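Shown here: input-v5.cif, mmCIF, N, CA and C atoms.
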```
data_query
#
loop_
_atom_site.label_atom_id
_atom_site.label_comp_id
_atom_site.auth_asym_id
_atom_site.auth_seq_id
_atom_site.Cartn_x
_atom_site.Cartn_y
_atom_site.Cartn_z
N MET X 1 58.47 71.18 176.55
CA MET X 1 57.56 72.17 176.03
C MET X 1 57.30 71.91 174.55
N ASN X 2 56.96 70.69 174.24
CA ASN X 2 56.65 70.32 172.87
C ASN X 2 55.14 70.37 172.66
N THR X 3 54.65 71.50 172.34
CA THR X 3 53.24 71.62 172.04
C THR X 3 53.05 71.62 170.53
N PRO X 4 52.03 71.00 170.05
CA PRO X 4 51.81 70.95 168.60
C PRO X 4 51.45 72.30 168.00
N ASP X 5 51.07 73.28 168.84
CA ASP X 5 50.68 74.58 168.32
C ASP X 5 51.89 75.46 168.00
N MET X 6 53.03 75.16 168.56
CA MET X 6 54.19 76.02 168.40
C MET X 6 54.96 75.65 167.13
N ARG X 7 55.24 76.67 166.33
CA ARG X 7 55.99 76.46 165.10
C ARG X 7 57.48 76.59 165.39
N PHE X 8 58.28 75.71 164.85
CA PHE X 8 59.73 75.78 165.00
C PHE X 8 60.32 76.13 163.65
N THR X 9 60.97 77.27 163.58
CA THR X 9 61.58 77.72 162.34
C THR X 9 63.06 77.91 162.57
N GLU X 10 63.87 77.26 161.77
CA GLU X 10 65.31 77.39 161.92
C GLU X 10 65.78 78.70 161.30
N THR X 11 66.53 79.44 162.06
CA THR X 11 67.11 80.68 161.54
C THR X 11 68.60 80.48 161.36
N ASN X 12 69.14 81.17 160.43
CA ASN X 12 70.58 81.08 160.18
C ASN X 12 71.26 82.32 160.73
N SER X 13 70.95 82.68 161.95
CA SER X 13 71.44 83.93 162.51
C SER X 13 72.91 83.87 162.89
N ALA X 14 73.45 82.69 163.14
CA ALA X 14 74.85 82.61 163.58
C ALA X 14 75.76 82.02 162.52
N ASP X 15 75.31 81.84 161.31
CA ASP X 15 76.12 81.21 160.28
C ASP X 15 77.00 82.18 159.50
N ASP X 16 76.98 83.46 159.85
CA ASP X 16 77.72 84.44 159.07
C ASP X 16 79.21 84.47 159.38
N SER X 17 79.61 84.08 160.56
CA SER X 17 81.00 84.20 160.98
C SER X 17 81.56 82.83 161.33
N ALA X 18 82.80 82.60 160.91
CA ALA X 18 83.48 81.36 161.26
C ALA X 18 84.26 81.52 162.55
N GLY X 19 84.21 82.68 163.17
CA GLY X 19 84.90 82.91 164.43
C GLY X 19 86.32 83.42 164.23
N ARG X 20 86.98 83.67 165.35
CA ARG X 20 88.34 84.18 165.31
C ARG X 20 89.15 83.48 166.40
N THR X 21 90.40 83.16 166.09
CA THR X 21 91.34 82.62 167.05
C THR X 21 92.63 83.39 166.91
N TRP X 22 93.11 83.98 167.99
CA TRP X 22 94.33 84.79 167.99
C TRP X 22 94.26 85.91 166.95
N GLY X 23 93.08 86.41 166.67
CA GLY X 23 92.92 87.48 165.70
C GLY X 23 92.89 87.00 164.26
N LEU X 24 92.92 85.70 164.03
CA LEU X 24 92.89 85.14 162.68
C LEU X 24 91.48 84.68 162.37
N ASP X 25 91.01 84.96 161.16
CA ASP X 25 89.66 84.58 160.74
C ASP X 25 89.54 83.08 160.58
N GLY X 26 88.41 82.54 160.99
CA GLY X 26 88.06 81.15 160.73
C GLY X 26 89.08 80.16 161.25
N ASN X 27 89.48 79.25 160.39
CA ASN X 27 90.42 78.19 160.76
C ASN X 27 91.85 78.50 160.35
N LEU X 28 92.19 79.75 160.14
CA LEU X 28 93.55 80.10 159.74
C LEU X 28 94.56 79.82 160.83
N PHE X 29 94.09 79.73 162.06
CA PHE X 29 94.96 79.37 163.17
C PHE X 29 95.66 78.04 162.93
N TRP X 30 94.97 77.11 162.29
CA TRP X 30 95.54 75.78 162.08
C TRP X 30 96.70 75.79 161.10
N PHE X 31 96.71 76.70 160.16
CA PHE X 31 97.85 76.83 159.26
C PHE X 31 99.09 77.25 160.04
N ILE X 32 98.93 78.23 160.93
CA ILE X 32 100.04 78.71 161.74
C ILE X 32 100.49 77.61 162.71
N ALA X 33 99.55 76.91 163.33
CA ALA X 33 99.89 75.83 164.26
C ALA X 33 100.61 74.69 163.53
N GLY X 34 100.17 74.38 162.32
CA GLY X 34 100.84 73.34 161.53
C GLY X 34 102.25 73.74 161.13
N GLY X 35 102.41 75.01 160.75
CA GLY X 35 103.75 75.50 160.42
C GLY X 35 104.67 75.49 161.62
N ALA X 36 104.14 75.84 162.80
CA ALA X 36 104.95 75.81 164.02
C ALA X 36 105.32 74.38 164.39
N PHE X 37 104.39 73.46 164.24
CA PHE X 37 104.67 72.04 164.53
C PHE X 37 105.75 71.50 163.60
N ALA X 38 105.62 71.81 162.31
CA ALA X 38 106.63 71.35 161.34
C ALA X 38 107.99 71.98 161.64
N SER X 39 108.00 73.23 162.07
CA SER X 39 109.26 73.89 162.41
C SER X 39 109.94 73.22 163.60
N VAL X 40 109.17 72.87 164.61
CA VAL X 40 109.75 72.20 165.78
C VAL X 40 110.30 70.82 165.41
N ILE X 41 109.58 70.08 164.61
CA ILE X 41 110.05 68.76 164.18
C ILE X 41 111.33 68.88 163.37
N ILE X 42 111.36 69.82 162.43
CA ILE X 42 112.57 70.02 161.61
C ILE X 42 113.74 70.47 162.47
N LEU X 43 113.48 71.33 163.45
CA LEU X 43 114.54 71.77 164.36
C LEU X 43 115.10 70.59 165.14
N LEU X 44 114.24 69.74 165.65
CA LEU X 44 114.71 68.56 166.39
C LEU X 44 115.51 67.61 165.51
N VAL X 45 115.03 67.38 164.31
CA VAL X 45 115.74 66.47 163.40
C VAL X 45 117.09 67.04 163.01
N CYS X 46 117.12 68.30 162.64
CA CYS X 46 118.38 68.90 162.21
C CYS X 46 119.39 69.01 163.35
N PHE X 47 118.94 69.46 164.51
CA PHE X 47 119.87 69.72 165.61
C PHE X 47 120.28 68.44 166.33
N SER X 48 119.33 67.54 166.57
CA SER X 48 119.63 66.35 167.35
C SER X 48 120.10 65.18 166.50
N ALA X 49 119.33 64.85 165.47
CA ALA X 49 119.64 63.66 164.68
C ALA X 49 120.76 63.90 163.68
N MET X 50 120.78 65.07 163.05
CA MET X 50 121.77 65.34 162.01
C MET X 50 122.98 66.11 162.53
N ARG X 51 122.95 66.52 163.80
CA ARG X 51 124.07 67.20 164.46
C ARG X 51 124.51 68.48 163.74
N MET X 52 123.54 69.25 163.24
CA MET X 52 123.84 70.55 162.65
C MET X 52 123.98 71.58 163.77
N SER X 53 124.57 72.72 163.45
CA SER X 53 124.67 73.77 164.46
C SER X 53 123.28 74.33 164.76
N LEU X 54 123.15 74.94 165.93
CA LEU X 54 121.85 75.47 166.33
C LEU X 54 121.37 76.57 165.39
N PHE X 55 122.27 77.45 164.98
CA PHE X 55 121.89 78.54 164.09
C PHE X 55 121.41 78.02 162.74
N THR X 56 122.12 77.07 162.17
CA THR X 56 121.72 76.48 160.88
C THR X 56 120.38 75.75 161.03
N SER X 57 120.21 75.03 162.12
CA SER X 57 118.95 74.32 162.35
C SER X 57 117.79 75.29 162.50
N LEU X 58 118.02 76.40 163.20
CA LEU X 58 116.97 77.41 163.35
C LEU X 58 116.60 78.04 162.02
N LEU X 59 117.60 78.31 161.17
CA LEU X 59 117.30 78.89 159.86
C LEU X 59 116.47 77.95 159.00
N ILE X 60 116.83 76.68 159.01
CA ILE X 60 116.09 75.69 158.21
C ILE X 60 114.69 75.49 158.79
N ALA X 61 114.61 75.43 160.12
CA ALA X 61 113.32 75.16 160.78
C ALA X 61 112.37 76.34 160.67
N ALA X 62 112.88 77.54 160.45
CA ALA X 62 112.00 78.71 160.35
C ALA X 62 111.23 78.76 159.04
N LEU X 63 111.69 78.02 158.03
CA LEU X 63 111.06 78.08 156.71
C LEU X 63 109.59 77.65 156.69
N PRO X 64 109.20 76.52 157.30
CA PRO X 64 107.78 76.15 157.24
C PRO X 64 106.87 77.17 157.93
N LEU X 65 107.29 77.69 159.06
CA LEU X 65 106.48 78.69 159.75
C LEU X 65 106.41 79.98 158.94
N LEU X 66 107.49 80.35 158.32
CA LEU X 66 107.51 81.56 157.50
C LEU X 66 106.61 81.42 156.28
N VAL X 67 106.67 80.27 155.62
CA VAL X 67 105.82 80.04 154.44
C VAL X 67 104.34 80.05 154.83
N CYS X 68 104.00 79.41 155.94
CA CYS X 68 102.61 79.40 156.40
C CYS X 68 102.14 80.80 156.78
N ALA X 69 102.99 81.56 157.45
CA ALA X 69 102.61 82.91 157.84
C ALA X 69 102.42 83.81 156.62
N ILE X 70 103.28 83.68 155.62
CA ILE X 70 103.12 84.47 154.40
C ILE X 70 101.82 84.09 153.69
N TYR X 71 101.53 82.80 153.61
CA TYR X 71 100.30 82.36 152.97
C TYR X 71 99.07 82.91 153.70
N VAL X 72 99.06 82.81 155.02
CA VAL X 72 97.90 83.25 155.79
C VAL X 72 97.71 84.75 155.69
N PHE X 73 98.77 85.53 155.90
CA PHE X 73 98.60 86.97 155.97
C PHE X 73 98.56 87.64 154.59
N ALA X 74 99.12 87.02 153.57
CA ALA X 74 99.09 87.63 152.24
C ALA X 74 97.87 87.20 151.42
N PHE X 75 97.39 85.97 151.63
CA PHE X 75 96.35 85.45 150.74
C PHE X 75 95.04 85.08 151.42
N ARG X 76 94.97 85.01 152.75
CA ARG X 76 93.74 84.56 153.39
C ARG X 76 93.15 85.56 154.38
N GLN X 77 93.96 86.13 155.26
CA GLN X 77 93.47 86.99 156.32
C GLN X 77 92.90 88.29 155.76
N GLY X 78 91.62 88.51 156.02
CA GLY X 78 90.96 89.74 155.58
C GLY X 78 90.62 89.77 154.10
N LYS X 79 90.82 88.70 153.39
CA LYS X 79 90.51 88.64 151.96
C LYS X 79 89.19 87.90 151.75
N PRO X 80 88.54 88.09 150.60
CA PRO X 80 87.30 87.36 150.34
C PRO X 80 87.57 85.86 150.14
N ALA X 81 86.53 85.09 150.30
CA ALA X 81 86.65 83.64 150.13
C ALA X 81 87.11 83.31 148.71
N GLY X 82 88.07 82.44 148.57
CA GLY X 82 88.57 82.03 147.27
C GLY X 82 89.62 82.95 146.68
N TYR X 83 90.09 83.93 147.42
CA TYR X 83 91.08 84.87 146.90
C TYR X 83 92.39 84.16 146.56
N ASP X 84 92.81 83.23 147.40
CA ASP X 84 94.06 82.51 147.16
C ASP X 84 93.97 81.65 145.91
N VAL X 85 92.84 81.00 145.71
CA VAL X 85 92.65 80.15 144.53
C VAL X 85 92.56 81.01 143.27
N ASP X 86 91.90 82.17 143.37
CA ASP X 86 91.82 83.08 142.23
C ASP X 86 93.19 83.61 141.84
N CYS X 87 94.02 83.93 142.83
CA CYS X 87 95.39 84.40 142.52
C CYS X 87 96.19 83.31 141.82
N LEU X 88 96.09 82.09 142.32
CA LEU X 88 96.81 80.98 141.70
C LEU X 88 96.32 80.75 140.27
N ASP X 89 95.02 80.79 140.07
CA ASP X 89 94.45 80.62 138.73
C ASP X 89 94.91 81.73 137.79
N PHE X 90 94.96 82.96 138.30
CA PHE X 90 95.42 84.09 137.48
C PHE X 90 96.89 83.93 137.10
N TRP X 91 97.72 83.49 138.05
CA TRP X 91 99.15 83.32 137.76
C TRP X 91 99.41 82.18 136.80
N LEU X 92 98.59 81.12 136.85
CA LEU X 92 98.82 79.97 135.99
C LEU X 92 98.21 80.12 134.60
N SER X 93 97.00 80.71 134.51
CA SER X 93 96.32 80.73 133.22
C SER X 93 96.01 82.13 132.70
N GLY X 94 96.41 83.15 133.38
CA GLY X 94 96.17 84.50 132.89
C GLY X 94 94.86 85.06 133.38
N ALA X 95 94.33 86.01 132.65
CA ALA X 95 93.13 86.72 133.07
C ALA X 95 91.94 85.78 133.18
N GLY X 96 91.07 86.10 134.08
CA GLY X 96 89.87 85.31 134.28
C GLY X 96 88.78 85.71 133.32
N PHE X 97 87.54 85.47 133.72
CA PHE X 97 86.40 85.79 132.89
C PHE X 97 86.14 87.29 132.97
N GLY X 98 86.35 87.98 131.88
CA GLY X 98 86.13 89.42 131.84
C GLY X 98 86.85 90.03 130.65
N PRO X 99 86.58 91.29 130.37
CA PRO X 99 87.23 91.93 129.22
C PRO X 99 88.72 92.16 129.47
N ASN X 100 89.50 91.99 128.43
CA ASN X 100 90.93 92.26 128.50
C ASN X 100 91.19 93.56 127.75
N PRO X 101 91.57 94.64 128.42
CA PRO X 101 91.72 95.93 127.74
C PRO X 101 92.80 95.93 126.66
N GLN X 102 93.80 95.07 126.76
CA GLN X 102 94.87 95.04 125.76
C GLN X 102 94.40 94.42 124.44
N LYS X 103 93.34 93.61 124.46
CA LYS X 103 92.89 92.93 123.25
C LYS X 103 91.64 93.57 122.63
N GLN X 104 91.24 94.72 123.11
CA GLN X 104 90.06 95.39 122.57
C GLN X 104 90.45 96.22 121.35
N PRO X 105 89.56 96.32 120.35
CA PRO X 105 89.86 97.16 119.20
C PRO X 105 89.91 98.64 119.60
N GLN X 106 90.67 99.39 118.85
CA GLN X 106 90.87 100.81 119.17
C GLN X 106 89.55 101.57 119.12
N ARG X 107 88.79 101.39 118.06
CA ARG X 107 87.49 102.04 117.91
C ARG X 107 86.46 100.96 117.56
N PRO X 108 85.85 100.35 118.54
CA PRO X 108 84.97 99.20 118.26
C PRO X 108 83.69 99.57 117.53
N LEU X 109 83.25 100.82 117.60
CA LEU X 109 82.01 101.20 116.94
C LEU X 109 82.22 101.72 115.52
N CYS X 110 83.44 101.88 115.09
CA CYS X 110 83.74 102.43 113.77
C CYS X 110 84.40 101.37 112.89
N LEU X 111 83.81 100.22 112.78
CA LEU X 111 84.36 99.17 111.93
C LEU X 111 84.02 99.46 110.47
N SER X 112 84.91 99.10 109.55
CA SER X 112 84.63 99.36 108.15
C SER X 112 83.50 98.48 107.64
N LYS X 113 83.45 97.24 108.09
CA LYS X 113 82.37 96.35 107.70
C LYS X 113 81.90 95.61 108.95
N ARG X 114 80.65 95.76 109.24
CA ARG X 114 80.09 95.09 110.41
C ARG X 114 79.64 93.71 110.03
N PRO X 115 79.73 92.76 110.95
CA PRO X 115 79.29 91.39 110.63
C PRO X 115 77.80 91.30 110.34
N THR X 116 77.00 92.21 110.85
CA THR X 116 75.56 92.16 110.60
C THR X 116 75.13 93.03 109.42
N ASP X 117 76.09 93.61 108.72
CA ASP X 117 75.77 94.49 107.60
C ASP X 117 75.42 93.63 106.38
N ILE X 118 74.20 93.76 105.86
CA ILE X 118 73.75 92.97 104.71
C ILE X 118 73.59 93.84 103.47
N SER X 119 74.09 95.10 103.50
CA SER X 119 73.91 95.99 102.36
C SER X 119 74.71 95.50 101.14
N SER X 120 75.80 94.79 101.35
CA SER X 120 76.59 94.29 100.20
C SER X 120 75.92 93.09 99.56
N MET X 121 74.99 92.44 100.23
CA MET X 121 74.32 91.29 99.66
C MET X 121 73.13 91.68 98.79
N ILE X 122 72.66 92.87 98.90
CA ILE X 122 71.46 93.28 98.17
C ILE X 122 71.80 93.71 96.78
#
```

Before we go any further, please render this structure as C-alpha cells.
Amino acid sequence: MNTPDMRFTETNSADDSAGRTWGLDGNLFWFIAGGAFASVIILLVCFSAMRMSLFTSLLIAALPLLVCAIYVFAFRQGKPAGYDVDCLDFWLSGAGFGPNPQKQPQRPLCLSKRPTDISSMI
C-alpha cells in the first residue's frame, strides 16, 4: 500500500517509557541480575575452590547482590534520570549550580557602598 498520495509521519508515541521488568524501571533488572550472577560465582569460588564454610561463603557472596540492590532501590528506582550521578557529584564537589543560603549576606539590599554607586566619584 505504497501510494505516493499518502503522507508518512513518524510519531514518538511509544518513546516515553523504557518498560518494566519485575517491577523495576527500564534496564534496572540487569543490575540485579549482574549482582546475583556475581554472588553465585563468589559463592562457588569460596565454598568449592577455597574450602570455606557454607555460612562464611554465603556472607561473602551476599555482598555483590546487596550492593546492587541498594544502588538500584536507593538511587535509581522511581528517581529522575541522572539522580545517582547528581548525588555523587554533590558528595564529591559540594553544592551544584544554585544559591547557597549559608554564603548569602545577611541584608543584601542594605549595603553601605554599592558597586554601582558613583556618587563618591562626582

Once you add 4 Å to each side, what are the centre and edge lengths of the axis-aligned box holding all listed atoms of range 63-82 of chain X? One decimal in Å, as lines of an AutoDock Vina configuration file, if you can.
```
center_x = 99.1
center_y = 83.0
center_z = 153.2
size_x = 33.2
size_y = 21.6
size_z = 21.1
```

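In this model, the gap between CA of Phe37 in chain X and CA of Cys68 in chain X comes to 11.2 Å.
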
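Rounded to one decimal, atom C of Phe31 in chain X and CA of Phe90 in chain X lie 23.9 Å from each other.
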
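The space between atom C of Cys87 in chain X and atom N of Gln104 in chain X spans 22.5 Å.
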
Q.
Evaluated on this file, the PyMOL selection byres (((chain X and resi 74-83 and name CA) around 12) and name CA) picks out some residues - which ones are they, written as a PyMOL selection string?
A. chain X and resi 18+20-29+31-32+66-73+84-90

For the residues selected in the previous step, produce a file with N, CA and C atoms as a PDB file, in the frame of the given file.
```pdb
ATOM      1  N   ALA X  18      82.800  82.600 160.910  1.00  0.00           N
ATOM      2  CA  ALA X  18      83.480  81.360 161.260  1.00  0.00           C
ATOM      3  C   ALA X  18      84.260  81.520 162.550  1.00  0.00           C
ATOM      4  N   ARG X  20      86.980  83.670 165.350  1.00  0.00           N
ATOM      5  CA  ARG X  20      88.340  84.180 165.310  1.00  0.00           C
ATOM      6  C   ARG X  20      89.150  83.480 166.400  1.00  0.00           C
ATOM      7  N   THR X  21      90.400  83.160 166.090  1.00  0.00           N
ATOM      8  CA  THR X  21      91.340  82.620 167.050  1.00  0.00           C
ATOM      9  C   THR X  21      92.630  83.390 166.910  1.00  0.00           C
ATOM     10  N   TRP X  22      93.110  83.980 167.990  1.00  0.00           N
ATOM     11  CA  TRP X  22      94.330  84.790 167.990  1.00  0.00           C
ATOM     12  C   TRP X  22      94.260  85.910 166.950  1.00  0.00           C
ATOM     13  N   GLY X  23      93.080  86.410 166.670  1.00  0.00           N
ATOM     14  CA  GLY X  23      92.920  87.480 165.700  1.00  0.00           C
ATOM     15  C   GLY X  23      92.890  87.000 164.260  1.00  0.00           C
ATOM     16  N   LEU X  24      92.920  85.700 164.030  1.00  0.00           N
ATOM     17  CA  LEU X  24      92.890  85.140 162.680  1.00  0.00           C
ATOM     18  C   LEU X  24      91.480  84.680 162.370  1.00  0.00           C
ATOM     19  N   ASP X  25      91.010  84.960 161.160  1.00  0.00           N
ATOM     20  CA  ASP X  25      89.660  84.580 160.740  1.00  0.00           C
ATOM     21  C   ASP X  25      89.540  83.080 160.580  1.00  0.00           C
ATOM     22  N   GLY X  26      88.410  82.540 160.990  1.00  0.00           N
ATOM     23  CA  GLY X  26      88.060  81.150 160.730  1.00  0.00           C
ATOM     24  C   GLY X  26      89.080  80.160 161.250  1.00  0.00           C
ATOM     25  N   ASN X  27      89.480  79.250 160.390  1.00  0.00           N
ATOM     26  CA  ASN X  27      90.420  78.190 160.760  1.00  0.00           C
ATOM     27  C   ASN X  27      91.850  78.500 160.350  1.00  0.00           C
ATOM     28  N   LEU X  28      92.190  79.750 160.140  1.00  0.00           N
ATOM     29  CA  LEU X  28      93.550  80.100 159.740  1.00  0.00           C
ATOM     30  C   LEU X  28      94.560  79.820 160.830  1.00  0.00           C
ATOM     31  N   PHE X  29      94.090  79.730 162.060  1.00  0.00           N
ATOM     32  CA  PHE X  29      94.960  79.370 163.170  1.00  0.00           C
ATOM     33  C   PHE X  29      95.660  78.040 162.930  1.00  0.00           C
ATOM     34  N   PHE X  31      96.710  76.700 160.160  1.00  0.00           N
ATOM     35  CA  PHE X  31      97.850  76.830 159.260  1.00  0.00           C
ATOM     36  C   PHE X  31      99.090  77.250 160.040  1.00  0.00           C
ATOM     37  N   ILE X  32      98.930  78.230 160.930  1.00  0.00           N
ATOM     38  CA  ILE X  32     100.040  78.710 161.740  1.00  0.00           C
ATOM     39  C   ILE X  32     100.490  77.610 162.710  1.00  0.00           C
ATOM     40  N   LEU X  66     107.490  80.350 158.320  1.00  0.00           N
ATOM     41  CA  LEU X  66     107.510  81.560 157.500  1.00  0.00           C
ATOM     42  C   LEU X  66     106.610  81.420 156.280  1.00  0.00           C
ATOM     43  N   VAL X  67     106.670  80.270 155.620  1.00  0.00           N
ATOM     44  CA  VAL X  67     105.820  80.040 154.440  1.00  0.00           C
ATOM     45  C   VAL X  67     104.340  80.050 154.830  1.00  0.00           C
ATOM     46  N   CYS X  68     104.000  79.410 155.940  1.00  0.00           N
ATOM     47  CA  CYS X  68     102.610  79.400 156.400  1.00  0.00           C
ATOM     48  C   CYS X  68     102.140  80.800 156.780  1.00  0.00           C
ATOM     49  N   ALA X  69     102.990  81.560 157.450  1.00  0.00           N
ATOM     50  CA  ALA X  69     102.610  82.910 157.840  1.00  0.00           C
ATOM     51  C   ALA X  69     102.420  83.810 156.620  1.00  0.00           C
ATOM     52  N   ILE X  70     103.280  83.680 155.620  1.00  0.00           N
ATOM     53  CA  ILE X  70     103.120  84.470 154.400  1.00  0.00           C
ATOM     54  C   ILE X  70     101.820  84.090 153.690  1.00  0.00           C
ATOM     55  N   TYR X  71     101.530  82.800 153.610  1.00  0.00           N
ATOM     56  CA  TYR X  71     100.300  82.360 152.970  1.00  0.00           C
ATOM     57  C   TYR X  71      99.070  82.910 153.700  1.00  0.00           C
ATOM     58  N   VAL X  72      99.060  82.810 155.020  1.00  0.00           N
ATOM     59  CA  VAL X  72      97.900  83.250 155.790  1.00  0.00           C
ATOM     60  C   VAL X  72      97.710  84.750 155.690  1.00  0.00           C
ATOM     61  N   PHE X  73      98.770  85.530 155.900  1.00  0.00           N
ATOM     62  CA  PHE X  73      98.600  86.970 155.970  1.00  0.00           C
ATOM     63  C   PHE X  73      98.560  87.640 154.590  1.00  0.00           C
ATOM     64  N   ASP X  84      92.810  83.230 147.400  1.00  0.00           N
ATOM     65  CA  ASP X  84      94.060  82.510 147.160  1.00  0.00           C
ATOM     66  C   ASP X  84      93.970  81.650 145.910  1.00  0.00           C
ATOM     67  N   VAL X  85      92.840  81.000 145.710  1.00  0.00           N
ATOM     68  CA  VAL X  85      92.650  80.150 144.530  1.00  0.00           C
ATOM     69  C   VAL X  85      92.560  81.010 143.270  1.00  0.00           C
ATOM     70  N   ASP X  86      91.900  82.170 143.370  1.00  0.00           N
ATOM     71  CA  ASP X  86      91.820  83.080 142.230  1.00  0.00           C
ATOM     72  C   ASP X  86      93.190  83.610 141.840  1.00  0.00           C
ATOM     73  N   CYS X  87      94.020  83.930 142.830  1.00  0.00           N
ATOM     74  CA  CYS X  87      95.390  84.400 142.520  1.00  0.00           C
ATOM     75  C   CYS X  87      96.190  83.310 141.820  1.00  0.00           C
ATOM     76  N   LEU X  88      96.090  82.090 142.320  1.00  0.00           N
ATOM     77  CA  LEU X  88      96.810  80.980 141.700  1.00  0.00           C
ATOM     78  C   LEU X  88      96.320  80.750 140.270  1.00  0.00           C
ATOM     79  N   ASP X  89      95.020  80.790 140.070  1.00  0.00           N
ATOM     80  CA  ASP X  89      94.450  80.620 138.730  1.00  0.00           C
ATOM     81  C   ASP X  89      94.910  81.730 137.790  1.00  0.00           C
ATOM     82  N   PHE X  90      94.960  82.960 138.300  1.00  0.00           N
ATOM     83  CA  PHE X  90      95.420  84.090 137.480  1.00  0.00           C
ATOM     84  C   PHE X  90      96.890  83.930 137.100  1.00  0.00           C
TER      85      PHE X  90
END
```

Q: Find the residues near Gly35 in chain X: any atom within 5 Å, counting only N, CA and C atoms, skip ones fewer than 4 places away on the same chain, and give them as an MDAnalysis selection string.
A: chainID X and resid 31 39 64:65

Q: Show me as a PyMOL selection string the residues that reach within 8 Å of (111.7, 71.3, 160.5), counting all atoms listed in the file and using the file's own coordinates.
A: chain X and resi 37-46+57+60-65

Q: Would you please give, as a ChimeraX atom specification, all residues of range 5-78 of chain X that DSSP assigns to alpha helix (DSSP H) based on the backbone?
A: /X:28-44,54-71

Residues from last step as file, N, CA and C atoms, as a compact mmCIF listing (two decimals), keeping the file's coordinate frame:
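The new file out.txt reads:
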```txt
# COMPACT_ATOMS: atom_id res chain seq x y z
N LEU X 28 92.19 79.75 160.14
CA LEU X 28 93.55 80.10 159.74
C LEU X 28 94.56 79.82 160.83
N PHE X 29 94.09 79.73 162.06
CA PHE X 29 94.96 79.37 163.17
C PHE X 29 95.66 78.04 162.93
N TRP X 30 94.97 77.11 162.29
CA TRP X 30 95.54 75.78 162.08
C TRP X 30 96.70 75.79 161.10
N PHE X 31 96.71 76.70 160.16
CA PHE X 31 97.85 76.83 159.26
C PHE X 31 99.09 77.25 160.04
N ILE X 32 98.93 78.23 160.93
CA ILE X 32 100.04 78.71 161.74
C ILE X 32 100.49 77.61 162.71
N ALA X 33 99.55 76.91 163.33
CA ALA X 33 99.89 75.83 164.26
C ALA X 33 100.61 74.69 163.53
N GLY X 34 100.17 74.38 162.32
CA GLY X 34 100.84 73.34 161.53
C GLY X 34 102.25 73.74 161.13
N GLY X 35 102.41 75.01 160.75
CA GLY X 35 103.75 75.50 160.42
C GLY X 35 104.67 75.49 161.62
N ALA X 36 104.14 75.84 162.80
CA ALA X 36 104.95 75.81 164.02
C ALA X 36 105.32 74.38 164.39
N PHE X 37 104.39 73.46 164.24
CA PHE X 37 104.67 72.04 164.53
C PHE X 37 105.75 71.50 163.60
N ALA X 38 105.62 71.81 162.31
CA ALA X 38 106.63 71.35 161.34
C ALA X 38 107.99 71.98 161.64
N SER X 39 108.00 73.23 162.07
CA SER X 39 109.26 73.89 162.41
C SER X 39 109.94 73.22 163.60
N VAL X 40 109.17 72.87 164.61
CA VAL X 40 109.75 72.20 165.78
C VAL X 40 110.30 70.82 165.41
N ILE X 41 109.58 70.08 164.61
CA ILE X 41 110.05 68.76 164.18
C ILE X 41 111.33 68.88 163.37
N ILE X 42 111.36 69.82 162.43
CA ILE X 42 112.57 70.02 161.61
C ILE X 42 113.74 70.47 162.47
N LEU X 43 113.48 71.33 163.45
CA LEU X 43 114.54 71.77 164.36
C LEU X 43 115.10 70.59 165.14
N LEU X 44 114.24 69.74 165.65
CA LEU X 44 114.71 68.56 166.39
C LEU X 44 115.51 67.61 165.51
N LEU X 54 123.15 74.94 165.93
CA LEU X 54 121.85 75.47 166.33
C LEU X 54 121.37 76.57 165.39
N PHE X 55 122.27 77.45 164.98
CA PHE X 55 121.89 78.54 164.09
C PHE X 55 121.41 78.02 162.74
N THR X 56 122.12 77.07 162.17
CA THR X 56 121.72 76.48 160.88
C THR X 56 120.38 75.75 161.03
N SER X 57 120.21 75.03 162.12
CA SER X 57 118.95 74.32 162.35
C SER X 57 117.79 75.29 162.50
N LEU X 58 118.02 76.40 163.20
CA LEU X 58 116.97 77.41 163.35
C LEU X 58 116.60 78.04 162.02
N LEU X 59 117.60 78.31 161.17
CA LEU X 59 117.30 78.89 159.86
C LEU X 59 116.47 77.95 159.00
N ILE X 60 116.83 76.68 159.01
CA ILE X 60 116.09 75.69 158.21
C ILE X 60 114.69 75.49 158.79
N ALA X 61 114.61 75.43 160.12
CA ALA X 61 113.32 75.16 160.78
C ALA X 61 112.37 76.34 160.67
N ALA X 62 112.88 77.54 160.45
CA ALA X 62 112.00 78.71 160.35
C ALA X 62 111.23 78.76 159.04
N LEU X 63 111.69 78.02 158.03
CA LEU X 63 111.06 78.08 156.71
C LEU X 63 109.59 77.65 156.69
N PRO X 64 109.20 76.52 157.30
CA PRO X 64 107.78 76.15 157.24
C PRO X 64 106.87 77.17 157.93
N LEU X 65 107.29 77.69 159.06
CA LEU X 65 106.48 78.69 159.75
C LEU X 65 106.41 79.98 158.94
N LEU X 66 107.49 80.35 158.32
CA LEU X 66 107.51 81.56 157.50
C LEU X 66 106.61 81.42 156.28
N VAL X 67 106.67 80.27 155.62
CA VAL X 67 105.82 80.04 154.44
C VAL X 67 104.34 80.05 154.83
N CYS X 68 104.00 79.41 155.94
CA CYS X 68 102.61 79.40 156.40
C CYS X 68 102.14 80.80 156.78
N ALA X 69 102.99 81.56 157.45
CA ALA X 69 102.61 82.91 157.84
C ALA X 69 102.42 83.81 156.62
N ILE X 70 103.28 83.68 155.62
CA ILE X 70 103.12 84.47 154.40
C ILE X 70 101.82 84.09 153.69
N TYR X 71 101.53 82.80 153.61
CA TYR X 71 100.30 82.36 152.97
C TYR X 71 99.07 82.91 153.70
```
